[in-house]
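Undergrad: Contents of my_file.txt (compact mmCIF, C-alpha atoms and all ligand atoms) are below:
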# COMPACT_ATOMS: atom_id res chain seq x y z
CA MET A 1 39.40 -87.94 -21.18
CA SER A 2 38.78 -91.68 -21.35
CA ASN A 3 41.59 -94.12 -20.72
CA ASP A 4 42.59 -96.90 -23.09
CA GLU A 5 41.40 -95.07 -26.23
CA PRO A 6 43.99 -93.84 -28.75
CA ARG A 7 44.17 -90.06 -28.96
CA ALA A 8 46.60 -87.25 -29.83
CA PRO A 9 48.70 -86.11 -26.86
CA LEU A 10 48.05 -82.67 -25.42
CA GLU A 11 50.88 -80.17 -25.88
CA SER A 12 51.67 -80.56 -22.16
CA GLU A 13 51.98 -84.35 -22.60
CA VAL A 14 54.59 -84.26 -25.41
CA PRO A 15 57.61 -84.43 -23.04
CA GLU A 16 56.04 -87.53 -21.44
CA VAL A 17 55.55 -89.07 -24.92
CA ILE A 18 59.20 -88.49 -25.80
CA GLY A 19 60.36 -89.81 -22.41
CA PHE A 20 58.26 -92.97 -22.95
CA LEU A 21 59.76 -93.53 -26.42
CA ASP A 22 63.35 -92.76 -25.36
CA HIS A 23 63.02 -95.20 -22.46
CA LEU A 24 61.63 -98.07 -24.59
CA LEU A 25 63.14 -97.50 -28.03
CA ARG A 26 66.42 -95.66 -27.38
CA PRO A 27 67.73 -96.86 -24.00
CA GLU A 28 71.36 -95.91 -23.28
CA ARG A 29 71.57 -93.47 -26.18
CA ASN A 30 72.80 -89.98 -25.53
CA TRP A 31 70.23 -88.38 -27.80
CA SER A 32 66.45 -88.32 -27.93
CA ILE A 33 64.24 -89.99 -30.52
CA ALA A 34 62.78 -86.53 -31.13
CA ALA A 35 66.18 -85.46 -32.56
CA GLU A 36 66.19 -88.48 -34.90
CA TYR A 37 62.84 -87.54 -36.41
CA PRO A 38 62.95 -83.75 -36.47
CA GLN A 39 59.65 -83.46 -38.33
CA VAL A 40 57.62 -86.03 -36.42
CA PHE A 41 57.63 -84.90 -32.79
CA THR A 42 57.17 -81.22 -33.54
CA ALA A 43 54.15 -79.03 -32.77
CA PRO A 44 52.70 -79.07 -36.35
CA ASN A 45 52.62 -82.90 -36.31
CA ARG A 46 51.28 -83.39 -32.75
CA GLU A 47 47.75 -84.10 -34.04
CA ASN A 48 49.16 -87.09 -35.96
CA LEU A 49 50.68 -88.76 -32.88
CA ARG A 50 48.63 -91.31 -30.98
CA ILE A 51 48.95 -92.45 -27.38
CA ILE A 52 47.01 -94.71 -25.06
CA LYS A 53 47.06 -94.00 -21.33
CA HIS A 54 46.09 -96.61 -18.77
CA ASN A 55 45.49 -95.59 -15.16
CA GLY A 56 47.75 -92.57 -15.61
CA PRO A 57 50.89 -93.31 -17.62
CA ILE A 58 51.29 -93.73 -21.37
CA ILE A 59 51.37 -97.42 -22.31
CA ALA A 60 51.31 -97.33 -26.13
CA HIS A 61 52.29 -94.99 -28.95
CA ALA A 62 52.54 -94.64 -32.75
CA ALA A 63 53.31 -91.66 -34.98
CA THR A 64 52.05 -90.77 -38.45
CA LYS A 65 53.82 -88.27 -40.70
CA PHE A 66 52.40 -87.21 -44.04
CA LEU A 67 54.80 -86.96 -46.98
CA ILE A 68 54.09 -85.53 -50.41
CA ILE A 69 56.02 -87.53 -52.98
CA LYS A 70 56.82 -86.37 -56.46
CA THR A 71 56.94 -89.10 -59.17
CA HIS A 72 56.49 -89.47 -62.94
CA PHE A 73 52.88 -90.32 -62.12
CA GLY A 74 52.27 -87.02 -60.33
CA LEU A 75 52.11 -86.30 -56.61
CA PHE A 76 51.24 -88.90 -53.99
CA LYS A 77 50.24 -88.29 -50.41
CA VAL A 78 51.75 -90.90 -48.15
CA ALA A 79 51.21 -91.60 -44.45
CA ALA A 80 54.47 -92.89 -42.97
CA ILE A 81 53.93 -94.64 -39.64
CA GLY A 82 56.58 -95.35 -37.02
CA SER A 83 57.68 -95.44 -33.38
CA VAL A 84 55.02 -98.10 -32.74
CA VAL A 85 55.50 -99.43 -29.23
CA THR A 86 53.57 -100.85 -26.29
CA ASP A 87 54.91 -100.95 -22.74
CA PRO A 88 56.20 -104.53 -22.09
CA ASN A 89 53.76 -104.89 -19.15
CA HIS A 90 50.77 -104.32 -21.43
CA ARG A 91 51.62 -106.30 -24.55
CA ASN A 92 49.30 -108.72 -26.36
CA LEU A 93 46.22 -106.90 -25.12
CA GLY A 94 45.38 -105.27 -28.44
CA TYR A 95 46.77 -101.79 -27.68
CA SER A 96 49.02 -101.54 -30.74
CA ARG A 97 46.28 -102.85 -32.98
CA SER A 98 44.01 -100.16 -31.64
CA ILE A 99 46.69 -97.44 -32.04
CA MET A 100 47.52 -98.61 -35.57
CA ASN A 101 43.86 -98.51 -36.56
CA SER A 102 43.75 -94.96 -35.27
CA CYS A 103 46.83 -94.11 -37.42
CA LEU A 104 45.11 -95.65 -40.45
CA GLN A 105 42.10 -93.46 -39.72
CA ILE A 106 44.42 -90.41 -39.66
CA ALA A 107 45.77 -91.56 -43.03
CA GLU A 108 42.28 -91.94 -44.46
CA GLU A 109 40.99 -88.63 -43.11
CA GLY A 110 44.17 -86.93 -44.39
CA CYS A 111 43.43 -88.34 -47.90
CA ALA A 112 46.64 -90.37 -48.10
CA ASP A 113 46.98 -92.61 -51.13
CA PHE A 114 48.78 -95.25 -49.08
CA ALA A 115 50.44 -95.85 -45.72
CA ILE A 116 53.99 -97.16 -45.36
CA LEU A 117 56.19 -98.37 -42.54
CA TRP A 118 59.53 -100.06 -42.11
CA SER A 119 59.71 -103.11 -39.87
CA ASP A 120 60.67 -106.76 -39.78
CA LEU A 121 57.49 -107.67 -37.85
CA TYR A 122 55.85 -108.93 -41.05
CA ASP A 123 53.19 -111.01 -39.28
CA PHE A 124 52.19 -108.24 -36.90
CA TYR A 125 51.75 -105.66 -39.68
CA GLY A 126 50.42 -108.26 -42.13
CA LYS A 127 47.44 -108.72 -39.81
CA LEU A 128 46.85 -104.98 -40.13
CA GLY A 129 46.71 -105.17 -43.92
CA PHE A 130 50.30 -104.13 -44.73
CA GLU A 131 52.12 -105.91 -47.56
CA LEU A 132 55.83 -106.04 -48.33
CA ALA A 133 55.97 -104.10 -51.59
CA GLY A 134 57.84 -101.54 -53.63
CA ARG A 135 61.41 -102.06 -54.70
CA GLU A 136 64.84 -101.07 -53.53
CA ILE A 137 68.24 -102.22 -54.61
CA SER A 138 71.24 -102.21 -52.33
CA PHE A 139 74.92 -102.56 -53.09
CA VAL A 140 77.41 -103.72 -50.50
CA ILE A 141 80.68 -102.02 -51.41
CA ASP A 142 83.65 -103.91 -50.07
CA GLN A 143 86.37 -104.14 -52.73
CA LEU A 144 86.94 -100.98 -54.76
CA PRO A 145 87.69 -100.97 -58.47
CA ASP A 146 90.67 -99.01 -59.80
CA LEU A 147 88.94 -95.65 -60.20
CA ALA A 148 91.85 -94.24 -62.23
CA THR A 149 90.77 -96.47 -65.12
CA LYS A 150 87.23 -95.05 -65.15
CA SER A 151 87.37 -92.13 -67.54
CA ASP A 152 83.78 -91.03 -66.88
CA LEU A 153 84.47 -90.34 -63.19
CA LEU A 154 86.00 -87.16 -61.80
CA PRO A 155 89.56 -87.85 -60.61
CA MET A 156 89.91 -87.78 -56.81
CA HIS A 157 92.36 -84.86 -56.92
CA GLU A 158 89.69 -82.70 -58.54
CA LEU A 159 87.29 -83.23 -55.64
CA ARG A 160 87.42 -81.92 -52.11
CA ILE A 161 85.57 -84.33 -49.86
CA VAL A 162 84.29 -83.12 -46.51
CA GLN A 163 82.60 -85.01 -43.69
CA SER A 164 80.54 -82.46 -41.80
CA PRO A 165 76.86 -81.57 -41.37
CA LYS A 166 77.78 -77.90 -41.73
CA VAL A 167 76.59 -77.60 -45.31
CA ALA A 168 74.27 -74.95 -46.76
CA PRO A 169 70.91 -76.79 -47.07
CA GLU A 170 70.31 -74.90 -50.33
CA ALA A 171 73.34 -76.59 -51.92
CA ILE A 172 71.95 -80.04 -51.04
CA LEU A 173 68.46 -79.00 -52.13
CA ARG A 174 69.82 -78.05 -55.58
CA LEU A 175 71.12 -81.60 -56.13
CA TYR A 176 68.18 -83.25 -54.35
CA GLY A 177 65.78 -81.43 -56.70
CA GLN A 178 67.30 -83.31 -59.64
CA HIS A 179 65.92 -86.63 -58.39
CA PRO A 180 62.88 -87.69 -60.43
CA CYS A 181 61.23 -89.14 -57.32
CA GLY A 182 61.23 -88.13 -53.66
CA THR A 183 59.44 -86.15 -50.98
CA VAL A 184 58.83 -82.51 -51.74
CA ARG A 185 61.32 -80.71 -49.46
CA THR A 186 62.32 -77.18 -48.60
CA ALA A 187 65.78 -75.96 -47.56
CA GLU A 188 64.39 -75.71 -44.01
CA ASP A 189 63.44 -79.44 -44.11
CA ILE A 190 67.01 -80.27 -45.14
CA ARG A 191 68.46 -78.00 -42.45
CA ARG A 192 66.54 -80.05 -39.86
CA HIS A 193 67.59 -83.40 -41.33
CA LEU A 194 71.22 -82.28 -41.17
CA THR A 195 70.88 -82.08 -37.36
CA ILE A 196 69.98 -85.79 -36.94
CA PRO A 197 72.38 -87.40 -34.41
CA ASN A 198 74.67 -90.33 -35.19
CA SER A 199 74.68 -89.56 -38.89
CA ARG A 200 77.58 -88.71 -41.15
CA VAL A 201 77.18 -86.15 -43.91
CA TYR A 202 79.68 -86.39 -46.77
CA THR A 203 79.94 -83.81 -49.51
CA ALA A 204 82.14 -83.63 -52.65
CA TRP A 205 83.08 -80.17 -53.98
CA ASP A 206 84.78 -79.30 -57.24
CA ARG A 207 87.56 -76.76 -57.81
CA SER A 208 85.09 -73.92 -58.27
CA ASN A 209 83.53 -74.84 -54.93
CA GLN A 210 80.34 -76.24 -56.39
CA LEU A 211 78.69 -79.11 -54.55
CA ARG A 212 78.85 -82.05 -56.98
CA ALA A 213 77.59 -84.90 -54.75
CA TYR A 214 76.42 -85.69 -51.22
CA ALA A 215 75.86 -88.91 -49.28
CA ILE A 216 74.39 -89.50 -45.82
CA GLU A 217 75.33 -92.54 -43.74
CA GLY A 218 73.52 -93.55 -40.52
CA LYS A 219 70.44 -92.03 -38.92
CA GLY A 220 70.20 -92.04 -35.12
CA GLY A 221 69.59 -95.62 -33.97
CA ASP A 222 69.14 -96.90 -37.54
CA LEU A 223 70.91 -97.31 -40.87
CA LYS A 224 74.45 -97.56 -39.53
CA GLY A 225 76.74 -98.38 -42.46
CA TYR A 226 73.95 -97.58 -44.93
CA ILE A 227 74.06 -94.67 -47.35
CA HIS A 228 70.36 -93.90 -47.38
CA GLU A 229 70.41 -90.46 -48.99
CA TRP A 230 72.59 -89.37 -51.86
CA GLY A 231 72.50 -86.95 -54.74
CA GLY A 232 74.56 -85.46 -57.54
CA GLY A 233 76.02 -86.81 -60.74
CA VAL A 234 77.46 -90.30 -60.95
CA SER A 235 80.86 -88.85 -61.94
CA ALA A 236 81.25 -87.35 -58.44
CA LEU A 237 79.01 -89.71 -56.49
CA LEU A 238 81.06 -92.83 -57.20
CA PRO A 239 84.39 -91.30 -56.08
CA LEU A 240 82.47 -90.09 -52.99
CA PHE A 241 81.24 -93.63 -52.22
CA ALA A 242 84.79 -94.94 -52.71
CA HIS A 243 86.10 -92.34 -50.25
CA ILE A 244 83.44 -93.27 -47.67
CA ARG A 245 84.28 -96.96 -48.04
CA ARG A 246 87.98 -96.26 -47.45
CA GLU A 247 87.28 -93.99 -44.45
CA ALA A 248 84.90 -96.52 -42.90
CA GLY A 249 87.49 -99.29 -43.00
CA GLN A 250 84.62 -101.75 -43.52
CA PRO A 251 81.98 -102.46 -46.16
CA ILE A 252 79.29 -99.84 -46.72
CA THR A 253 75.87 -100.37 -48.28
CA VAL A 254 74.32 -97.94 -50.75
CA ILE A 255 70.52 -98.06 -51.01
CA ALA A 256 68.96 -96.94 -54.29
CA PRO A 257 65.59 -96.85 -56.01
CA SER A 258 65.39 -99.36 -58.83
CA HIS A 259 64.77 -96.51 -61.31
CA ALA A 260 68.24 -95.00 -60.58
CA GLU A 261 69.43 -96.79 -63.71
CA ASN A 262 72.62 -94.85 -64.36
CA LEU A 263 73.97 -95.32 -60.84
CA ILE A 264 72.89 -98.97 -60.82
CA ARG A 265 74.62 -99.66 -64.14
CA HIS A 266 77.87 -98.21 -62.79
CA LEU A 267 77.68 -99.97 -59.42
CA LYS A 268 76.98 -103.29 -61.12
CA GLU A 269 80.40 -102.94 -62.77
CA TRP A 270 82.00 -102.69 -59.34
CA PRO A 271 82.76 -105.81 -57.34
CA THR A 272 79.67 -105.30 -55.14
CA LEU A 273 77.11 -107.64 -53.61
CA VAL A 274 73.73 -106.69 -55.04
CA HIS A 275 70.52 -107.26 -53.13
CA GLU A 276 66.97 -106.59 -54.32
CA GLY A 277 64.55 -105.80 -51.52
CA PHE A 278 61.25 -104.12 -50.76
CA LEU A 279 60.67 -100.42 -50.27
CA GLY A 280 58.67 -101.12 -47.11
CA MET A 281 55.35 -102.46 -45.85
CA ILE A 282 52.56 -100.76 -47.73
CA ARG A 283 48.83 -100.58 -47.18
CA ILE A 284 46.69 -98.94 -49.83
CA ILE A 285 44.42 -96.34 -48.25
CA ASN A 286 42.65 -94.69 -51.17
CA ARG A 287 42.29 -97.10 -54.07
CA ARG A 288 40.15 -94.74 -56.11
CA ASN A 289 42.73 -91.96 -56.05
CA LEU A 290 45.56 -94.33 -56.87
CA PHE A 291 43.65 -95.82 -59.78
CA LEU A 292 42.87 -92.35 -61.14
CA LYS A 293 46.57 -91.45 -61.11
CA ILE A 294 47.51 -94.73 -62.80
CA THR A 295 44.82 -94.31 -65.47
CA ARG A 296 45.95 -90.73 -66.15
CA ARG A 297 49.53 -91.95 -66.62
CA ALA A 298 48.39 -94.80 -68.90
CA LYS A 299 46.51 -92.27 -71.06
CA GLN A 300 49.66 -90.11 -71.27
CA LEU A 301 51.44 -93.21 -72.53
CA GLY A 302 48.80 -93.62 -75.23
CA LEU A 303 46.93 -96.54 -73.60
CA HIS A 304 43.47 -95.09 -74.12
CA ASP A 305 41.51 -98.28 -73.43
CA PHE A 306 43.41 -99.08 -70.23
CA VAL A 307 41.19 -99.88 -67.24
CA ILE A 308 41.91 -100.36 -63.55
CA GLU A 309 38.85 -100.58 -61.36
CA SER A 310 37.58 -102.09 -58.12
CA GLU A 311 34.86 -104.68 -58.09
CA GLY A 312 34.16 -105.37 -54.45
CA ASP A 313 37.47 -106.47 -52.95
CA GLN A 314 38.80 -107.48 -56.35
CA VAL A 315 40.55 -105.35 -58.93
CA ARG A 316 40.16 -105.64 -62.69
CA VAL A 317 43.08 -104.39 -64.72
CA GLY A 318 43.99 -104.42 -68.38
CA THR A 319 42.44 -103.31 -71.62
CA ALA A 320 38.80 -103.66 -72.66
CA THR A 321 39.53 -106.88 -74.50
CA ASP A 322 42.03 -108.32 -72.04
CA LEU A 323 41.04 -107.86 -68.39
CA VAL A 324 42.72 -109.70 -65.54
CA THR A 325 41.15 -110.00 -62.07
CA LEU A 326 43.33 -109.68 -58.98
CA SER A 327 41.87 -110.92 -55.72
CA THR A 328 44.40 -110.71 -52.90
CA PRO A 329 45.76 -107.52 -51.31
CA THR A 330 49.28 -108.84 -52.00
CA GLU A 331 48.56 -109.12 -55.75
CA ILE A 332 46.98 -105.68 -55.88
CA THR A 333 49.68 -103.92 -53.83
CA ARG A 334 52.50 -105.57 -55.78
CA LEU A 335 50.87 -104.80 -59.12
CA ILE A 336 50.96 -101.11 -58.22
CA PHE A 337 54.27 -100.88 -56.36
CA GLY A 338 56.13 -103.99 -57.53
CA PRO A 339 57.98 -106.21 -57.42
CA HIS A 340 56.46 -108.18 -60.28
CA PRO A 341 57.35 -111.74 -61.08
CA ILE A 342 59.41 -111.56 -64.30
CA GLY A 343 57.23 -111.70 -67.39
CA ALA A 344 54.01 -111.63 -65.34
CA LEU A 345 52.67 -108.39 -66.75
CA ASN A 346 50.83 -107.99 -70.00
CA PRO A 347 53.25 -106.01 -72.25
CA THR A 348 50.49 -103.60 -73.31
CA TYR A 349 50.28 -102.02 -69.87
CA LYS A 350 53.70 -102.91 -68.56
CA GLU A 351 54.81 -99.30 -68.65
CA SER A 352 52.04 -98.27 -66.25
CA PHE A 353 53.43 -100.42 -63.43
CA PRO A 354 54.97 -100.36 -61.00
CA ILE A 355 54.71 -96.75 -59.93
CA PRO A 356 58.34 -95.61 -59.58
CA MET A 357 57.89 -94.90 -55.87
CA TRP A 358 60.74 -93.96 -53.59
CA ILE A 359 61.16 -92.61 -50.08
CA TRP A 360 64.64 -91.44 -49.08
CA GLY A 361 66.09 -92.42 -45.71
CA TRP A 362 65.64 -89.02 -44.05
CA ASP A 363 61.87 -89.47 -44.46
CA SER A 364 61.58 -92.91 -42.86
CA VAL A 365 59.65 -92.74 -39.58
C1 LIG B 1 55.17 -105.15 -31.64
C2 LIG B 1 54.39 -104.46 -30.51
C3 LIG B 1 54.23 -102.99 -30.86
C4 LIG B 1 53.00 -105.13 -30.39
O1 LIG B 1 52.24 -104.42 -29.45
P1 LIG B 1 50.99 -105.10 -28.68
O2 LIG B 1 50.23 -103.99 -28.06
O3 LIG B 1 51.48 -106.20 -27.82
O4 LIG B 1 50.21 -105.71 -29.92
P2 LIG B 1 48.68 -106.16 -29.95
O5 LIG B 1 48.33 -106.78 -28.62
O6 LIG B 1 47.84 -105.04 -30.40
O7 LIG B 1 48.74 -107.30 -31.04
C5 LIG B 1 47.97 -107.29 -32.21
C6 LIG B 1 48.16 -108.60 -32.93
O8 LIG B 1 49.54 -108.79 -33.29
C7 LIG B 1 50.06 -109.96 -32.67
N1 LIG B 1 51.44 -109.63 -32.23
C8 LIG B 1 51.79 -108.93 -31.13
N2 LIG B 1 53.14 -108.80 -31.06
C9 LIG B 1 53.64 -109.45 -32.14
C10 LIG B 1 54.97 -109.68 -32.61
N3 LIG B 1 56.05 -109.23 -31.97
N4 LIG B 1 55.08 -110.39 -33.75
C11 LIG B 1 54.01 -110.88 -34.40
N5 LIG B 1 52.71 -110.67 -34.00
C12 LIG B 1 52.54 -109.98 -32.88
C13 LIG B 1 49.15 -110.26 -31.51
O9 LIG B 1 49.16 -111.63 -31.21
C14 LIG B 1 47.82 -109.81 -32.05
O10 LIG B 1 47.29 -110.79 -32.94
P3 LIG B 1 45.73 -111.15 -32.95
O11 LIG B 1 45.03 -109.86 -33.32
O12 LIG B 1 45.61 -112.20 -33.98
O13 LIG B 1 45.40 -111.58 -31.57
C15 LIG B 1 55.11 -104.63 -29.15
O14 LIG B 1 55.47 -105.97 -28.97
C16 LIG B 1 56.33 -103.77 -28.99
O15 LIG B 1 56.24 -102.64 -28.52
N6 LIG B 1 57.51 -104.31 -29.36
C17 LIG B 1 58.76 -103.58 -29.25
C18 LIG B 1 58.86 -102.42 -30.19
C19 LIG B 1 58.67 -102.81 -31.62
O16 LIG B 1 59.23 -103.81 -32.09
N7 LIG B 1 57.89 -102.01 -32.35
C20 LIG B 1 57.68 -102.18 -33.74
C21 LIG B 1 58.66 -101.33 -34.43
S1 LIG B 1 58.34 -101.23 -36.12
Would you mind writing the file out in structure tokens?

TA:
Amino acid sequence: MSNDEPRAPLESEVPEVIGFLDHLLRPERNWSIAAEYPQVFTAPNRENLRIIKHNGPIIAHAATKFLIIKTHFGLFKVAAIGSVVTDPNHRNLGYSRSIMNSCLQIAEEGCADFAILWSDLYDFYGKLGFELAGREISFVIDQLPDLATKSDLLPMHELRIVQSPKVAPEAILRLYGQHPCGTVRTAEDIRRHLTIPNSRVYTAWDRSNQLRAYAIEGKGGDLKGYIHEWGGGVSALLPLFAHIRREAGQPITVIAPSHAENLIRHLKEWPTLVHEGFLGMIRIINRRNLFLKITRRAKQLGLHDFVIESEGDQVRVGTATDLVTLSTPTEITRLIFGPHPIGALNPTYKESFPIPMWIWGWDSV
């Protein structure tokens, strides 16, 4: 097997991969990165991991995990990429670029619509064709309103709030399934996510012992103080957030998709700090597939003369009589996933964009 070329690890090499990642990405933690990402470093996903070995040891790594995401526009296949790292003694020699290109090849061969990752190394990933795109809204909850005055919320005494990961995954799945957008999950997927270390699972139960809301804060080395997964009706979810804020003794941040309009409307009435951000760094992999899904949705909305098509590197979008040409990857990615500059879109096809895309925290890689 040749050195210095990205490849999937052999089954016998997986412990070495995890040791390499724990050493570089999770030093002084009492858990392994494999426990943080229970669906990434498992046997079925081994073919989607990439390593480079140089004169024996592993010197670079990245992982790809495919997600199937349900949206109003139909299903999307997404390649989430993470745990990208090069040994400090071998940096700036092109190893991560080479590993990332191999991950993008996995994404392409696996027919992903787009690839996504979460990082603040915008220049590094920008050079690899990733654009900050998609939308998220976050609310920093510090002060709490007087909940007793909010007649549409369940009173605290009617809820039993528990902080424990010992919850039937099926109960969470029932609420999770009500989200209009998110990864297709089974109860077994949720059971695994509930085992992630350094994460707090909060659930709110009513008097007949029905799960009414859940919220997950923290995820291994990331998302401390962030509620990155939640579900259930607003009437129980908001008292749950208030409880978590009080328990934490410090501000907490709730992350939400921008299409969660009901929750957003309520939280905007609270004395919160609101921040609009990006979903992640996105690189379109299969333009044709994406455009087909967008065109199908536009037709469902009655826009029969809507067109979105590639012309070389450019994209033409609009209606037969009113076509606009987009030239840069940033323009194209942000047209599809947002955010859009206010008023920038032609009202006739405004409803086709952006795709209401969302990836919950348990699925970040
Ligand atoms: C970021 C990291 C993975 C880069 O690995 P690497 O093997 O040194 O990267 P490469 O040599 O392949 O660099 C590719 C390009 O990115 C540039 N680059 C490298 N590190 C960079 C950084 N930290 N920020 C911005 N650009 C960077 C290189 O200059 C090179 O540019 P060029 O193609 O124009 O010459 C590595 O520094 C690392 O492991 N950092 C710690 C872990 C980490 O932050 N991982 C990312 C988590 S999302």

Undergrad: Please identify every polymer residue within 9 Å of ligand LIG 1 (chain B), using all atoms listed in the file, and present the set as a short mmCIF file (atom, residue, chain, number, x, y, z; two decimals) with C-alpha atoms, keeping the file's coordinate frame.

TA:
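Result saved to part-v5.cif:
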data_model
loop_
_atom_site.label_atom_id
_atom_site.label_comp_id
_atom_site.auth_asym_id
_atom_site.auth_seq_id
_atom_site.Cartn_x
_atom_site.Cartn_y
_atom_site.Cartn_z
CA LEU A 24 61.63 -98.07 -24.59
CA LEU A 25 63.14 -97.50 -28.03
CA ILE A 59 51.37 -97.42 -22.31
CA ALA A 60 51.31 -97.33 -26.13
CA HIS A 61 52.29 -94.99 -28.95
CA ALA A 62 52.54 -94.64 -32.75
CA ILE A 81 53.93 -94.64 -39.64
CA GLY A 82 56.58 -95.35 -37.02
CA SER A 83 57.68 -95.44 -33.38
CA VAL A 84 55.02 -98.10 -32.74
CA VAL A 85 55.50 -99.43 -29.23
CA THR A 86 53.57 -100.85 -26.29
CA ASP A 87 54.91 -100.95 -22.74
CA PRO A 88 56.20 -104.53 -22.09
CA HIS A 90 50.77 -104.32 -21.43
CA ARG A 91 51.62 -106.30 -24.55
CA ASN A 92 49.30 -108.72 -26.36
CA LEU A 93 46.22 -106.90 -25.12
CA GLY A 94 45.38 -105.27 -28.44
CA TYR A 95 46.77 -101.79 -27.68
CA SER A 96 49.02 -101.54 -30.74
CA ARG A 97 46.28 -102.85 -32.98
CA SER A 98 44.01 -100.16 -31.64
CA ILE A 99 46.69 -97.44 -32.04
CA MET A 100 47.52 -98.61 -35.57
CA LEU A 117 56.19 -98.37 -42.54
CA TRP A 118 59.53 -100.06 -42.11
CA SER A 119 59.71 -103.11 -39.87
CA ASP A 120 60.67 -106.76 -39.78
CA LEU A 121 57.49 -107.67 -37.85
CA TYR A 122 55.85 -108.93 -41.05
CA ASP A 123 53.19 -111.01 -39.28
CA PHE A 124 52.19 -108.24 -36.90
CA TYR A 125 51.75 -105.66 -39.68
CA GLY A 126 50.42 -108.26 -42.13
CA LYS A 127 47.44 -108.72 -39.81
CA LEU A 128 46.85 -104.98 -40.13
#

Undergrad: Region 202-211 of chain A: which residues within 6 Å, counting only C-alpha atoms, same-chain residues fewer than 4 positions away excluded, as a PyMOL selection string?

TA: chain A and resi 159-163+215

Undergrad: Nearest to Ala256 (chain A): which of A:Tyr349, A:Phe306, A:Phe139, A:Tyr214 is it, counting all atoms listed in the file?

TA: A:Phe139

Undergrad: For Thr328 (chain A), which residue out of A:Glu188, A:Glu11, A:Asp142, A:Glu131 is the nearest one, using all atoms listed in the file?

TA: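 That would be A:Glu131, the residue with the smallest distance to Thr328 (chain A).
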
Undergrad: Please write as a ChimeraX atom specification the list of polymer residues whose atoms come within 12 Å of (53.6, -94.7, -40.5), counting only C-alpha atoms and keeping to the coordinates of the file.

TA: /A:40,48-50,61-67,78-84,99-107,112,114-119,125,130,280-283,363-365

Undergrad: Neighbours of Leu147 (chain A) within 12 Å (all atoms listed in the file; same-chain residues fewer than 6 positions away dropped), as number ranges by chain?

TA: A: 153-157, 235-236, 238-243, 266, 269-270

Undergrad: Go ahead and write the selection's residues with C-alpha atoms as an mmCIF file, keeping the file's coordinate frame.

TA:
data_model
loop_
_atom_site.group_PDB
_atom_site.id
_atom_site.type_symbol
_atom_site.label_atom_id
_atom_site.label_comp_id
_atom_site.auth_asym_id
_atom_site.auth_seq_id
_atom_site.Cartn_x
_atom_site.Cartn_y
_atom_site.Cartn_z
ATOM 1 C CA LEU A 153 84.470 -90.340 -63.190
ATOM 2 C CA LEU A 154 86.000 -87.160 -61.800
ATOM 3 C CA PRO A 155 89.560 -87.850 -60.610
ATOM 4 C CA MET A 156 89.910 -87.780 -56.810
ATOM 5 C CA HIS A 157 92.360 -84.860 -56.920
ATOM 6 C CA SER A 235 80.860 -88.850 -61.940
ATOM 7 C CA ALA A 236 81.250 -87.350 -58.440
ATOM 8 C CA LEU A 238 81.060 -92.830 -57.200
ATOM 9 C CA PRO A 239 84.390 -91.300 -56.080
ATOM 10 C CA LEU A 240 82.470 -90.090 -52.990
ATOM 11 C CA PHE A 241 81.240 -93.630 -52.220
ATOM 12 C CA ALA A 242 84.790 -94.940 -52.710
ATOM 13 C CA HIS A 243 86.100 -92.340 -50.250
ATOM 14 C CA HIS A 266 77.870 -98.210 -62.790
ATOM 15 C CA GLU A 269 80.400 -102.940 -62.770
ATOM 16 C CA TRP A 270 82.000 -102.690 -59.340
#

Undergrad: Work out how far CA of Phe278 (chain A) is from CA of Lys70 (chain A), in Å to one decimal.

TA: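 A separation of 19.2 Å between them.
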
Undergrad: Can you tell me how far CA of Leu75 (chain A) sits from CA of Gly318 (chain A), in Å to one decimal?

TA: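 Going from CA of Leu75 (chain A) over to CA of Gly318 (chain A), I get 23.1 Å.
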
Undergrad: Counting only C-alpha atoms, figure out which residue out of A:Leu301, A:Leu173, A:Val315, A:Val254 gets nearest to Thr272 (chain A).

TA: A:Val254

Undergrad: Enter the distance from CA of Ala213 (chain A) to CA of Thr149 (chain A), in Å, rounded to one decimal.

TA: 20.4 Å

Undergrad: Rank nothing, just name the residue among A:Ile255, A:Leu335, A:Ile359, A:Leu292 nearest to Ile137 (chain A), using all atoms listed in the file.

TA: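 Ranked by minimum distance to Ile137 (chain A), first place goes to A:Ile255.
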
Undergrad: Between A:Arg174, A:Arg245, A:Arg287, A:Arg200, which one has atoms that come closest to Ile336 (chain A), using only C-alpha atoms?

TA: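 With only C-alpha atoms as the atom set, the closest residue is A:Arg287.
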
Undergrad: Name the residues within 7 Å of (74.0, -87.4, -32.9), counting only C-alpha atoms in the file's coordinates, and put them as a ChimeraX atom specification.

TA: /A:31,196-199,220

Undergrad: Can you spit out the residues from that selection as a tab-separated table (two decimals), keeping the file's coordinate frame, using C-alpha atoms?

TA:
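Output file selection-v1.tsv is given in full below:
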chain	number	residue	atom	x	y	z
A	31	TRP	CA	70.23	-88.38	-27.80
A	196	ILE	CA	69.98	-85.79	-36.94
A	197	PRO	CA	72.38	-87.40	-34.41
A	198	ASN	CA	74.67	-90.33	-35.19
A	199	SER	CA	74.68	-89.56	-38.89
A	220	GLY	CA	70.20	-92.04	-35.12

Undergrad: Rank nothing, just name the residue among A:Leu263, A:Ile252, A:Ala133, A:Ile355 nearest to Thr330 (chain A), using only C-alpha atoms.

TA: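 Checking each candidate against Thr330 (chain A), we get A:Ala133 as the closest.
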
Undergrad: Using all atoms listed in the file, determine which residues lie at most 9 Å from Val307 (chain A), disregarding the query and same-chain residues fewer than 4 positions distant; provide the list as a compact mmCIF listing (two decimals) with C-alpha atoms, in the coordinates of the input.

TA:
# COMPACT_ATOMS: atom_id res chain seq x y z
CA PHE A 291 43.65 -95.82 -59.78
CA THR A 295 44.82 -94.31 -65.47
CA ALA A 298 48.39 -94.80 -68.90
CA ARG A 316 40.16 -105.64 -62.69
CA VAL A 317 43.08 -104.39 -64.72
CA GLY A 318 43.99 -104.42 -68.38
CA THR A 319 42.44 -103.31 -71.62
CA ALA A 320 38.80 -103.66 -72.66
CA LEU A 323 41.04 -107.86 -68.39
